[in-house]
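> Next up, data.pdb (PDB, C-alpha atoms).
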ATOM      1  CA  MET A   1      70.678-115.564-100.368
ATOM      2  CA  LEU A   2      70.510-113.796-103.720
ATOM      3  CA  LEU A   3      73.306-114.028-106.239
ATOM      4  CA  ILE A   4      73.420-110.506-107.672
ATOM      5  CA  LEU A   5      75.134-109.739-110.947
ATOM      6  CA  CYS A   6      77.160-106.607-110.227
ATOM      7  CA  PRO A   7      77.703-104.791-113.556
ATOM      8  CA  TYR A   8      81.353-104.262-112.600
ATOM      9  CA  CYS A   9      82.334-107.378-110.603
ATOM     10  CA  GLY A  10      80.073-110.136-111.918
ATOM     11  CA  PRO A  11      77.974-112.458-109.753
ATOM     12  CA  ARG A  12      78.448-111.810-106.027
ATOM     13  CA  ALA A  13      76.667-112.795-102.832
ATOM     14  CA  GLU A  14      73.853-110.659-101.491
ATOM     15  CA  ILE A  15      75.613-109.936 -98.178
ATOM     16  CA  GLU A  16      78.128-107.743-100.025
ATOM     17  CA  PHE A  17      75.304-105.429-101.151
ATOM     18  CA  ARG A  18      72.946-102.852 -99.677
ATOM     19  CA  CYS A  19      69.506-102.277-101.130
ATOM     20  CA  GLY A  20      68.650 -98.602-101.672
ATOM     21  CA  GLY A  21      64.937 -99.035-102.312
ATOM     22  CA  GLU A  22      62.887 -98.211-105.359
ATOM     23  CA  SER A  23      64.663 -96.581-108.300
ATOM     24  CA  HIS A  24      63.513 -94.115-110.944
ATOM     25  CA  ILE A  25      61.865 -91.785-108.430
ATOM     26  CA  GLU A  26      61.875 -88.303-109.904
ATOM     27  CA  ARG A  27      61.983 -85.224-107.735
ATOM     28  CA  PRO A  28      59.011 -83.015-108.559
ATOM     29  CA  GLY A  29      59.674 -79.402-109.397
ATOM     30  CA  PRO A  30      60.118 -76.525-109.606
ATOM     31  CA  TYR A  31      59.771 -76.432-105.846
ATOM     32  CA  SER A  32      57.414 -73.450-105.700
ATOM     33  CA  GLU A  33      54.839 -75.295-107.805
ATOM     34  CA  VAL A  34      54.850 -78.575-105.839
ATOM     35  CA  ASP A  35      51.896 -79.039-103.521
ATOM     36  CA  ASP A  36      52.094 -80.963-100.256
ATOM     37  CA  GLY A  37      50.464 -84.062-101.728
ATOM     38  CA  ALA A  38      52.975 -84.386-104.562
ATOM     39  CA  TRP A  39      55.871 -83.749-102.177
ATOM     40  CA  ALA A  40      54.620 -86.357 -99.718
ATOM     41  CA  ASP A  41      54.259 -88.822-102.600
ATOM     42  CA  TYR A  42      57.837 -88.139-103.612
ATOM     43  CA  LEU A  43      59.111 -88.639-100.088
ATOM     44  CA  PHE A  44      57.005 -91.515 -98.813
ATOM     45  CA  THR A  45      54.853 -93.288-101.386
ATOM     46  CA  ARG A  46      56.468 -96.396-102.847
ATOM     47  CA  LYS A  47      55.129 -99.022-105.207
ATOM     48  CA  ASN A  48      55.578-102.255-103.221
ATOM     49  CA  PRO A  49      54.425-104.425-106.145
ATOM     50  CA  LYS A  50      53.852-108.140-106.176
ATOM     51  CA  GLY A  51      55.993-108.998-109.167
ATOM     52  CA  GLU A  52      58.659-106.978-110.937
ATOM     53  CA  HIS A  53      60.241-104.201-108.905
ATOM     54  CA  ARG A  54      62.964-101.750-109.934
ATOM     55  CA  GLU A  55      65.489-101.213-107.171
ATOM     56  CA  ARG A  56      68.785 -99.470-106.513
ATOM     57  CA  TRP A  57      71.565-101.597-105.086
ATOM     58  CA  LEU A  58      75.024-100.663-103.798
ATOM     59  CA  HIS A  59      77.943-103.089-103.945
ATOM     60  CA  ALA A  60      79.062-101.846-100.542
ATOM     61  CA  ALA A  61      81.680-104.493 -99.756
ATOM     62  CA  GLY A  62      82.972-104.606-103.320
ATOM     63  CA  CYS A  63      83.379-101.946-105.967
ATOM     64  CA  ARG A  64      81.234 -99.400-104.039
ATOM     65  CA  GLN A  65      79.123 -98.626-107.119
ATOM     66  CA  TRP A  66      75.378 -98.066-107.264
ATOM     67  CA  PHE A  67      73.329 -99.733-109.995
ATOM     68  CA  ASN A  68      69.737-100.677-110.857
ATOM     69  CA  VAL A  69      68.179-104.107-110.499
ATOM     70  CA  ALA A  70      64.823-105.375-111.786
ATOM     71  CA  ARG A  71      63.772-108.062-109.314
ATOM     72  CA  ASP A  72      60.677-110.198-109.054
ATOM     73  CA  THR A  73      59.411-109.783-105.484
ATOM     74  CA  VAL A  74      57.617-113.138-105.585
ATOM     75  CA  SER A  75      60.328-115.443-106.928
ATOM     76  CA  HIS A  76      63.347-113.172-106.159
ATOM     77  CA  THR A  77      64.487-113.740-109.746
ATOM     78  CA  ILE A  78      66.711-110.922-110.955
ATOM     79  CA  LEU A  79      65.330-109.956-114.353
ATOM     80  CA  ALA A  80      67.785-107.240-115.360
ATOM     81  CA  VAL A  81      70.781-105.297-114.066
ATOM     82  CA  TYR A  82      71.715-101.907-115.532
ATOM     83  CA  PRO A  83      73.809 -98.851-114.584
ATOM     84  CA  MET A  84      72.565 -95.755-112.777
ATOM     85  CA  GLY A  85      71.246 -93.009-115.005
ATOM     86  CA  LYS A  86      70.039 -95.412-117.658
ATOM     87  CA  THR A  87      66.405 -95.653-118.681
ATOM     88  CA  ARG A  88      64.434 -98.722-117.713
ATOM     89  CA  PRO A  89      65.103-101.526-120.169
ATOM     90  CA  PRO A  90      62.077-103.743-120.787
ATOM     91  CA  THR A  91      62.185-107.180-119.195
ATOM     92  CA  GLU A  92      60.176-110.322-119.771
ATOM     93  CA  ALA A  93      57.570-109.103-117.317
ATOM     94  CA  GLY A  94      57.156-106.152-119.636
ATOM     95  CA  THR A  95      56.958-103.199-117.226
TER      96      THR A  95
ATOM     97  CA  MET B   1     107.618-106.371 -85.301
ATOM     98  CA  SER B   2     110.562-104.169 -84.420
ATOM     99  CA  ASP B   3     110.013-101.157 -82.250
ATOM    100  CA  VAL B   4     111.262 -97.951 -83.736
ATOM    101  CA  ALA B   5     112.350 -95.729 -80.867
ATOM    102  CA  ALA B   6     111.878 -92.012 -81.216
ATOM    103  CA  SER B   7     115.054 -90.049 -81.782
ATOM    104  CA  LYS B   8     115.727 -88.323 -78.448
ATOM    105  CA  GLY B   9     114.993 -91.079 -75.983
ATOM    106  CA  ALA B  10     111.264 -90.401 -75.936
ATOM    107  CA  GLU B  11     108.887 -93.216 -75.098
ATOM    108  CA  ALA B  12     107.120 -93.385 -78.470
ATOM    109  CA  ALA B  13     107.334 -96.841 -79.936
ATOM    110  CA  ARG B  14     105.803 -98.394 -82.963
ATOM    111  CA  ARG B  15     103.416-101.309 -82.574
ATOM    112  CA  GLY B  16     102.241-103.265 -85.586
ATOM    113  CA  PRO B  17      98.569-104.166 -85.958
ATOM    114  CA  PHE B  18      99.288-107.747 -84.898
ATOM    115  CA  ALA B  19     101.454-106.861 -81.897
ATOM    116  CA  GLY B  20     100.406-108.978 -78.943
ATOM    117  CA  LEU B  21      98.448-111.411 -81.115
ATOM    118  CA  ASN B  22      99.515-115.019 -81.425
ATOM    119  CA  LEU B  23      99.319-115.911 -85.120
ATOM    120  CA  ASP B  24      99.818-119.641 -84.589
ATOM    121  CA  THR B  25      96.777-121.437 -86.035
ATOM    122  CA  ARG B  26      97.611-124.796 -84.355
ATOM    123  CA  ALA B  27      96.377-126.337 -87.598
ATOM    124  CA  SER B  28      98.300-128.328 -90.195
ATOM    125  CA  GLY B  29      96.650-126.924 -93.314
ATOM    126  CA  VAL B  30      96.800-123.147 -92.851
ATOM    127  CA  THR B  31      99.358-120.719 -91.449
ATOM    128  CA  LEU B  32      99.098-117.000 -90.727
ATOM    129  CA  ALA B  33     101.881-114.456 -91.024
ATOM    130  CA  ASP B  34     102.130-110.706 -90.607
ATOM    131  CA  ALA B  35     102.728-109.122 -94.026
ATOM    132  CA  GLY B  36     104.745-106.433 -92.237
ATOM    133  CA  PRO B  37     104.643-102.675 -92.630
ATOM    134  CA  CYS B  38     104.287-101.304 -96.134
ATOM    135  CA  ALA B  39     103.156 -98.215 -97.997
ATOM    136  CA  ARG B  40      99.539 -98.204 -99.102
ATOM    137  CA  PHE B  41      97.576 -95.607-101.022
ATOM    138  CA  LEU B  42      93.957 -95.475-102.004
ATOM    139  CA  LEU B  43      93.344 -93.684-105.287
ATOM    140  CA  ARG B  44      89.950 -92.558-106.468
ATOM    141  CA  GLY B  45      89.562 -90.839-109.781
ATOM    142  CA  GLY B  46      88.508 -91.157-113.374
ATOM    143  CA  GLY B  47      90.268 -92.516-116.427
ATOM    144  CA  ALA B  48      92.573 -89.519-116.762
ATOM    145  CA  ALA B  49      93.850 -89.850-113.185
ATOM    146  CA  ALA B  50      94.409 -93.588-113.672
ATOM    147  CA  LEU B  51      96.290 -92.949-116.884
ATOM    148  CA  ALA B  52      98.533 -90.356-115.214
ATOM    149  CA  VAL B  53      99.339 -92.689-112.323
ATOM    150  CA  GLY B  54     100.006 -95.580-114.676
ATOM    151  CA  MET B  55     102.466 -93.470-116.678
ATOM    152  CA  ALA B  56     104.175 -92.050-113.582
ATOM    153  CA  LEU B  57     104.722 -95.491-112.031
ATOM    154  CA  HIS B  58     105.199 -97.375-115.319
ATOM    155  CA  LEU B  59     102.357 -99.668-114.346
ATOM    156  CA  ASP B  60      99.663-100.979-116.625
ATOM    157  CA  MET B  61      96.646 -99.872-114.590
ATOM    158  CA  PRO B  62      94.118-102.697-114.122
ATOM    159  CA  ARG B  63      90.792-101.643-115.658
ATOM    160  CA  GLU B  64      88.631-104.655-114.911
ATOM    161  CA  ALA B  65      87.333-106.475-111.868
ATOM    162  CA  TYR B  66      89.852-108.714-110.072
ATOM    163  CA  GLY B  67      92.689-107.023-111.966
ATOM    164  CA  CYS B  68      96.111-106.412-110.453
ATOM    165  CA  ALA B  69      99.374-105.026-111.847
ATOM    166  CA  THR B  70     102.753-105.630-110.219
ATOM    167  CA  ASP B  71     106.330-104.623-111.011
ATOM    168  CA  ASP B  72     109.880-105.585-110.076
ATOM    169  CA  ALA B  73     110.076-102.841-107.436
ATOM    170  CA  GLY B  74     107.504-104.692-105.342
ATOM    171  CA  ARG B  75     104.654-102.318-106.115
ATOM    172  CA  ALA B  76     101.180-103.653-106.741
ATOM    173  CA  MET B  77      98.156-101.779-108.083
ATOM    174  CA  LEU B  78      94.909-103.508-107.141
ATOM    175  CA  TRP B  79      91.597-102.775-108.869
ATOM    176  CA  LEU B  80      88.890-102.180-106.255
ATOM    177  CA  GLY B  81      86.257-100.457-108.381
ATOM    178  CA  PRO B  82      85.866 -98.695-111.725
ATOM    179  CA  ASP B  83      87.195 -95.511-110.103
ATOM    180  CA  GLU B  84      89.166 -96.918-107.186
ATOM    181  CA  TRP B  85      92.579 -98.544-106.835
ATOM    182  CA  MET B  86      94.824 -99.574-103.956
ATOM    183  CA  LEU B  87      98.567 -99.252-104.329
ATOM    184  CA  VAL B  88     100.736-101.444-102.100
ATOM    185  CA  ALA B  89     104.486-100.835-102.083
ATOM    186  CA  PRO B  90     107.578-101.357 -99.899
ATOM    187  CA  GLU B  91     107.502 -99.105 -96.859
ATOM    188  CA  ASP B  92     110.601 -97.064 -97.685
ATOM    189  CA  ASP B  93     109.056 -96.241-101.053
ATOM    190  CA  ALA B  94     106.319 -94.137 -99.414
ATOM    191  CA  ALA B  95     107.895 -90.681 -99.558
ATOM    192  CA  ALA B  96     109.059 -91.063-103.151
ATOM    193  CA  LEU B  97     105.666 -92.422-104.177
ATOM    194  CA  THR B  98     103.794 -89.546-102.539
ATOM    195  CA  GLN B  99     105.937 -87.068-104.409
ATOM    196  CA  LYS B 100     105.562 -88.877-107.721
ATOM    197  CA  LEU B 101     101.795 -89.318-107.413
ATOM    198  CA  ASP B 102     101.245 -85.734-106.290
ATOM    199  CA  ALA B 103     103.176 -84.480-109.304
ATOM    200  CA  ALA B 104     101.345 -86.780-111.711
ATOM    201  CA  LEU B 105      97.878 -85.986-110.364
ATOM    202  CA  ASN B 106      98.569 -82.291-109.876
ATOM    203  CA  ASP B 107      95.615 -80.745-111.737
ATOM    204  CA  LEU B 108      93.421 -83.808-112.223
ATOM    205  CA  ALA B 109      90.283 -84.501-110.206
ATOM    206  CA  HIS B 110      91.200 -87.262-107.769
ATOM    207  CA  ALA B 111      91.429 -88.335-104.139
ATOM    208  CA  LEU B 112      94.679 -89.890-102.976
ATOM    209  CA  THR B 113      94.778 -91.157 -99.403
ATOM    210  CA  ASP B 114      97.745 -92.599 -97.560
ATOM    211  CA  ILE B 115      96.341 -95.635 -95.725
ATOM    212  CA  SER B 116      99.701 -97.224 -94.869
ATOM    213  CA  HIS B 117      98.976 -97.293 -91.155
ATOM    214  CA  ARG B 118      95.237 -97.754 -91.386
ATOM    215  CA  ASN B 119      95.500-101.232 -92.861
ATOM    216  CA  ALA B 120      96.797-104.520 -91.548
ATOM    217  CA  GLY B 121      98.220-107.057 -93.989
ATOM    218  CA  LEU B 122      98.035-110.769 -93.305
ATOM    219  CA  ILE B 123      99.515-113.608 -95.377
ATOM    220  CA  VAL B 124      97.397-116.767 -95.172
ATOM    221  CA  ARG B 125      99.053-119.836 -96.613
ATOM    222  CA  GLY B 126      98.610-123.580 -96.858
ATOM    223  CA  PRO B 127      96.874-126.390 -98.734
ATOM    224  CA  GLN B 128      93.551-125.709 -96.975
ATOM    225  CA  VAL B 129      93.729-121.933 -97.298
ATOM    226  CA  ALA B 130      90.785-121.442 -99.688
ATOM    227  CA  ASP B 131      88.487-123.564 -97.530
ATOM    228  CA  ALA B 132      89.529-121.679 -94.409
ATOM    229  CA  ILE B 133      88.845-118.282 -96.004
ATOM    230  CA  ASN B 134      85.548-119.571 -97.389
ATOM    231  CA  ALA B 135      84.442-120.117 -93.802
ATOM    232  CA  GLY B 136      83.691-116.390 -93.772
ATOM    233  CA  CYS B 137      83.881-115.299 -97.403
ATOM    234  CA  PRO B 138      81.179-115.983-100.020
ATOM    235  CA  LEU B 139      83.481-115.806-103.070
ATOM    236  CA  ASP B 140      84.253-118.808-105.254
ATOM    237  CA  LEU B 141      87.960-119.308-104.470
ATOM    238  CA  ASP B 142      88.568-122.179-106.856
ATOM    239  CA  ILE B 143      91.819-121.558-108.718
ATOM    240  CA  LYS B 144      89.885-121.330-112.012
ATOM    241  CA  ALA B 145      87.376-118.781-110.699
ATOM    242  CA  PHE B 146      89.884-116.770-108.633
ATOM    243  CA  PRO B 147      93.338-117.309-110.186
ATOM    244  CA  VAL B 148      96.729-116.214-108.884
ATOM    245  CA  GLY B 149      96.891-112.411-109.066
ATOM    246  CA  ALA B 150      93.139-111.918-108.671
ATOM    247  CA  CYS B 151      92.083-109.370-106.075
ATOM    248  CA  THR B 152      88.864-107.836-104.857
ATOM    249  CA  ARG B 153      87.263-106.162-101.911
ATOM    250  CA  THR B 154      84.887-108.529-100.153
ATOM    251  CA  LEU B 155      83.746-109.686 -96.737
ATOM    252  CA  LEU B 156      85.280-112.071 -94.239
ATOM    253  CA  ALA B 157      82.322-112.675 -91.950
ATOM    254  CA  LYS B 158      81.714-109.178 -90.540
ATOM    255  CA  ALA B 159      85.042-107.667 -91.561
ATOM    256  CA  GLU B 160      85.551-105.888 -94.836
ATOM    257  CA  ILE B 161      88.735-107.147 -96.474
ATOM    258  CA  VAL B 162      90.706-106.864 -99.665
ATOM    259  CA  LEU B 163      91.515-110.390-100.747
ATOM    260  CA  TRP B 164      94.453-110.951-103.090
ATOM    261  CA  ARG B 165      95.658-114.342-104.278
ATOM    262  CA  ILE B 166      99.459-114.123-104.352
ATOM    263  CA  GLU B 167     100.109-117.831-104.964
ATOM    264  CA  ALA B 168      97.952-120.865-105.694
ATOM    265  CA  ASP B 169      97.804-121.672-101.995
ATOM    266  CA  ALA B 170      98.501-118.260-100.470
ATOM    267  CA  PHE B 171      96.371-115.152-100.061
ATOM    268  CA  ARG B 172      97.100-111.697 -98.774
ATOM    269  CA  ILE B 173      94.301-110.209 -96.715
ATOM    270  CA  GLU B 174      94.220-106.464 -96.142
ATOM    271  CA  THR B 175      91.819-105.241 -93.524
ATOM    272  CA  THR B 176      91.442-102.194 -91.356
ATOM    273  CA  ARG B 177      93.730-102.225 -88.376
ATOM    274  CA  SER B 178      91.009-102.450 -85.761
ATOM    275  CA  PHE B 179      89.655-105.612 -87.405
ATOM    276  CA  ALA B 180      93.020-107.409 -87.145
ATOM    277  CA  PRO B 181      92.224-109.353 -83.920
ATOM    278  CA  TYR B 182      88.818-110.366 -85.292
ATOM    279  CA  VAL B 183      90.211-111.559 -88.635
ATOM    280  CA  VAL B 184      93.038-113.478 -86.957
ATOM    281  CA  ALA B 185      90.691-115.209 -84.494
ATOM    282  CA  LEU B 186      88.236-116.108 -87.247
ATOM    283  CA  LEU B 187      90.937-117.555 -89.501
ATOM    284  CA  GLN B 188      92.490-119.507 -86.622
ATOM    285  CA  GLN B 189      89.167-121.126 -85.869
ATOM    286  CA  ALA B 190      88.493-121.771 -89.573
ATOM    287  CA  ALA B 191      91.974-123.277 -89.977
ATOM    288  CA  ARG B 192      91.443-125.665 -87.066
ATOM    289  CA  ASP B 193      88.068-126.675 -88.527
ATOM    290  CA  GLN B 194      89.851-127.937 -91.659
ATOM    291  CA  ASP B 195      91.936-130.498 -89.702
TER     292      ASP B 195
END
Transcribe the structure of this file into structure tokens.


Amino acid sequence: MLLILCPYCGPRAEIEFRCGGESHIERPGPYSEVDDGAWADYLFTRKNPKGEHRERWLHAAGCRQWFNVARDTVSHTILAVYPMGKTRPPTEAGT
Amino acid sequence: MSDVAASKGAEAARRGPFAGLNLDTRASGVTLADAGPCARFLLRGGGAAALAVGMALHLDMPREAYGCATDDAGRAMLWLGPDEWMLVAPEDDAAALTQKLDAALNDLAHALTDISHRNAGLIVRGPQVADAINAGCPLDLDIKAFPVGACTRTLLAKAEIVLWRIEADAFRIETTRSFAPYVVALLQQAARDQD
């Protein structure tokens, strides 16, 4: 069980949240100039790193807000929590 | 709960969400009681909408997590999210409240939903109440971490609830009506486990 620091509610149990997968994925465009490879990358290719991973989480059974989490996929340590729409703050892992 | 017969001898009758359920926990440390019918509204909107509602109802809108504002008229404004509030009020206040809120929110972006009949309110009380709720809820319910007046949306096992501490050893649980039998059964079992 992870204890996730919701930016609005403070530390809450993982079961109240939903994970929305990798964050900071930019839609390529304009559409007419995007080839199939780039579009497939956008839709399907994800990082799946061993180490720090940037993810979107939703506090579904709480304040119903989305936010970003930097999580270490090896130790499950949460390195940073920051609101949607913000740029990636550096963490100790440095990515 | 009293049945309210329709005016011209029709068969329509009102059944509360706990009608037909036995609320007796058969435990010494926790009791359950129906909070009874009341008016409930869910408000979603930005700061301007919150400000307008606060001024219209003379309530200091809670702006932070776990916040709750109450007044002498028995109204309570519960913070559920940075853009979401639940208003609980006496049932006969509903029509007046609708009118007031509609007027206040007239040209502001917002969503105001009457959920009076969607929700079921349960009062859980007793010296073992926090332990019983913790059987299905991951929150820290110590009086220091979750003081009187604190409220939040959370989970009770598989049911989504709004948990509101109304006294040191009493909570109000608001859940959707269809979850009422589940929540009651879970709390009864949890209450008996404390004995």

> For the file shown, what are the residues hit by the PyMOL selection byres ((chain B and resi 145-159) around 10), laid out as an MDAnalysis selection string?

(chainID A and resid 9 12:13 15:16 59:64) or (chainID B and resid 65:70 77:81 133:144 160:176 178:180 182:183 186:187)

> Selected residues, C-alpha atoms, written as a PDB file, in the frame of the given file, please.


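Okay, this is what ended up in out-v1.pdb:
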ATOM      1  CA  CYS A   9      82.334-107.378-110.603  1.00  0.00           C
ATOM      2  CA  ARG A  12      78.448-111.810-106.027  1.00  0.00           C
ATOM      3  CA  ALA A  13      76.667-112.795-102.832  1.00  0.00           C
ATOM      4  CA  ILE A  15      75.613-109.936 -98.178  1.00  0.00           C
ATOM      5  CA  GLU A  16      78.128-107.743-100.025  1.00  0.00           C
ATOM      6  CA  HIS A  59      77.943-103.089-103.945  1.00  0.00           C
ATOM      7  CA  ALA A  60      79.062-101.846-100.542  1.00  0.00           C
ATOM      8  CA  ALA A  61      81.680-104.493 -99.756  1.00  0.00           C
ATOM      9  CA  GLY A  62      82.972-104.606-103.320  1.00  0.00           C
ATOM     10  CA  CYS A  63      83.379-101.946-105.967  1.00  0.00           C
ATOM     11  CA  ARG A  64      81.234 -99.400-104.039  1.00  0.00           C
TER      12      ARG A  64
ATOM     13  CA  ALA B  65      87.333-106.475-111.868  1.00  0.00           C
ATOM     14  CA  TYR B  66      89.852-108.714-110.072  1.00  0.00           C
ATOM     15  CA  GLY B  67      92.689-107.023-111.966  1.00  0.00           C
ATOM     16  CA  CYS B  68      96.111-106.412-110.453  1.00  0.00           C
ATOM     17  CA  ALA B  69      99.374-105.026-111.847  1.00  0.00           C
ATOM     18  CA  THR B  70     102.753-105.630-110.219  1.00  0.00           C
ATOM     19  CA  MET B  77      98.156-101.779-108.083  1.00  0.00           C
ATOM     20  CA  LEU B  78      94.909-103.508-107.141  1.00  0.00           C
ATOM     21  CA  TRP B  79      91.597-102.775-108.869  1.00  0.00           C
ATOM     22  CA  LEU B  80      88.890-102.180-106.255  1.00  0.00           C
ATOM     23  CA  GLY B  81      86.257-100.457-108.381  1.00  0.00           C
ATOM     24  CA  ILE B 133      88.845-118.282 -96.004  1.00  0.00           C
ATOM     25  CA  ASN B 134      85.548-119.571 -97.389  1.00  0.00           C
ATOM     26  CA  ALA B 135      84.442-120.117 -93.802  1.00  0.00           C
ATOM     27  CA  GLY B 136      83.691-116.390 -93.772  1.00  0.00           C
ATOM     28  CA  CYS B 137      83.881-115.299 -97.403  1.00  0.00           C
ATOM     29  CA  PRO B 138      81.179-115.983-100.020  1.00  0.00           C
ATOM     30  CA  LEU B 139      83.481-115.806-103.070  1.00  0.00           C
ATOM     31  CA  ASP B 140      84.253-118.808-105.254  1.00  0.00           C
ATOM     32  CA  LEU B 141      87.960-119.308-104.470  1.00  0.00           C
ATOM     33  CA  ASP B 142      88.568-122.179-106.856  1.00  0.00           C
ATOM     34  CA  ILE B 143      91.819-121.558-108.718  1.00  0.00           C
ATOM     35  CA  LYS B 144      89.885-121.330-112.012  1.00  0.00           C
ATOM     36  CA  GLU B 160      85.551-105.888 -94.836  1.00  0.00           C
ATOM     37  CA  ILE B 161      88.735-107.147 -96.474  1.00  0.00           C
ATOM     38  CA  VAL B 162      90.706-106.864 -99.665  1.00  0.00           C
ATOM     39  CA  LEU B 163      91.515-110.390-100.747  1.00  0.00           C
ATOM     40  CA  TRP B 164      94.453-110.951-103.090  1.00  0.00           C
ATOM     41  CA  ARG B 165      95.658-114.342-104.278  1.00  0.00           C
ATOM     42  CA  ILE B 166      99.459-114.123-104.352  1.00  0.00           C
ATOM     43  CA  GLU B 167     100.109-117.831-104.964  1.00  0.00           C
ATOM     44  CA  ALA B 168      97.952-120.865-105.694  1.00  0.00           C
ATOM     45  CA  ASP B 169      97.804-121.672-101.995  1.00  0.00           C
ATOM     46  CA  ALA B 170      98.501-118.260-100.470  1.00  0.00           C
ATOM     47  CA  PHE B 171      96.371-115.152-100.061  1.00  0.00           C
ATOM     48  CA  ARG B 172      97.100-111.697 -98.774  1.00  0.00           C
ATOM     49  CA  ILE B 173      94.301-110.209 -96.715  1.00  0.00           C
ATOM     50  CA  GLU B 174      94.220-106.464 -96.142  1.00  0.00           C
ATOM     51  CA  THR B 175      91.819-105.241 -93.524  1.00  0.00           C
ATOM     52  CA  THR B 176      91.442-102.194 -91.356  1.00  0.00           C
ATOM     53  CA  SER B 178      91.009-102.450 -85.761  1.00  0.00           C
ATOM     54  CA  PHE B 179      89.655-105.612 -87.405  1.00  0.00           C
ATOM     55  CA  ALA B 180      93.020-107.409 -87.145  1.00  0.00           C
ATOM     56  CA  TYR B 182      88.818-110.366 -85.292  1.00  0.00           C
ATOM     57  CA  VAL B 183      90.211-111.559 -88.635  1.00  0.00           C
ATOM     58  CA  LEU B 186      88.236-116.108 -87.247  1.00  0.00           C
ATOM     59  CA  LEU B 187      90.937-117.555 -89.501  1.00  0.00           C
TER      60      LEU B 187
END

> Excluding same-chain residues fewer than 4 positions from Ile25 in chain A, what lies within 10 Å of it counting all atoms listed in the file, as a PyMOL selection string?

chain A and resi 21+42-43+46

> Evaluate the PyMOL selection byres ((chain A and resi 49) around 12) on the structure here and hand back the selected residues as a compact mmCIF listing (two decimals) with C-alpha atoms, in the frame of the given file.


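Printed below is out00.txt as written:
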# COMPACT_ATOMS: atom_id res chain seq x y z
CA GLU A 22 62.89 -98.21 -105.36
CA ARG A 46 56.47 -96.40 -102.85
CA LYS A 47 55.13 -99.02 -105.21
CA ASN A 48 55.58 -102.26 -103.22
CA LYS A 50 53.85 -108.14 -106.18
CA GLY A 51 55.99 -109.00 -109.17
CA GLU A 52 58.66 -106.98 -110.94
CA HIS A 53 60.24 -104.20 -108.90
CA ARG A 54 62.96 -101.75 -109.93
CA GLU A 55 65.49 -101.21 -107.17
CA ALA A 70 64.82 -105.38 -111.79
CA ARG A 71 63.77 -108.06 -109.31
CA ASP A 72 60.68 -110.20 -109.05
CA THR A 73 59.41 -109.78 -105.48
CA VAL A 74 57.62 -113.14 -105.58
CA THR A 95 56.96 -103.20 -117.23

> Just give me the gap between CA of Ala49 in chain B and CA of Asp102 in chain B in Å, one decimal is fine.

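Calculated distance between CA of Ala49 in chain B and CA of Asp102 in chain B is 10.9 Å.
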
> Using all atoms listed in the file, which of B:Ala33, B:Met61, B:Ala56, B:Pro82 sits nearest chain A?

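Of B:Ala33, B:Met61, B:Ala56, B:Pro82, the one nearest chain A is B:Pro82, counting all atoms listed in the file.
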
> For Phe18 in chain B, please output as a list in words all residues within 8 Å (counting all atoms listed in the file; exclusion window: fewer than 5 positions along the same chain).

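Contacts, in chain order: Asp34, Ala120, Ala180 and Pro181 of chain B.
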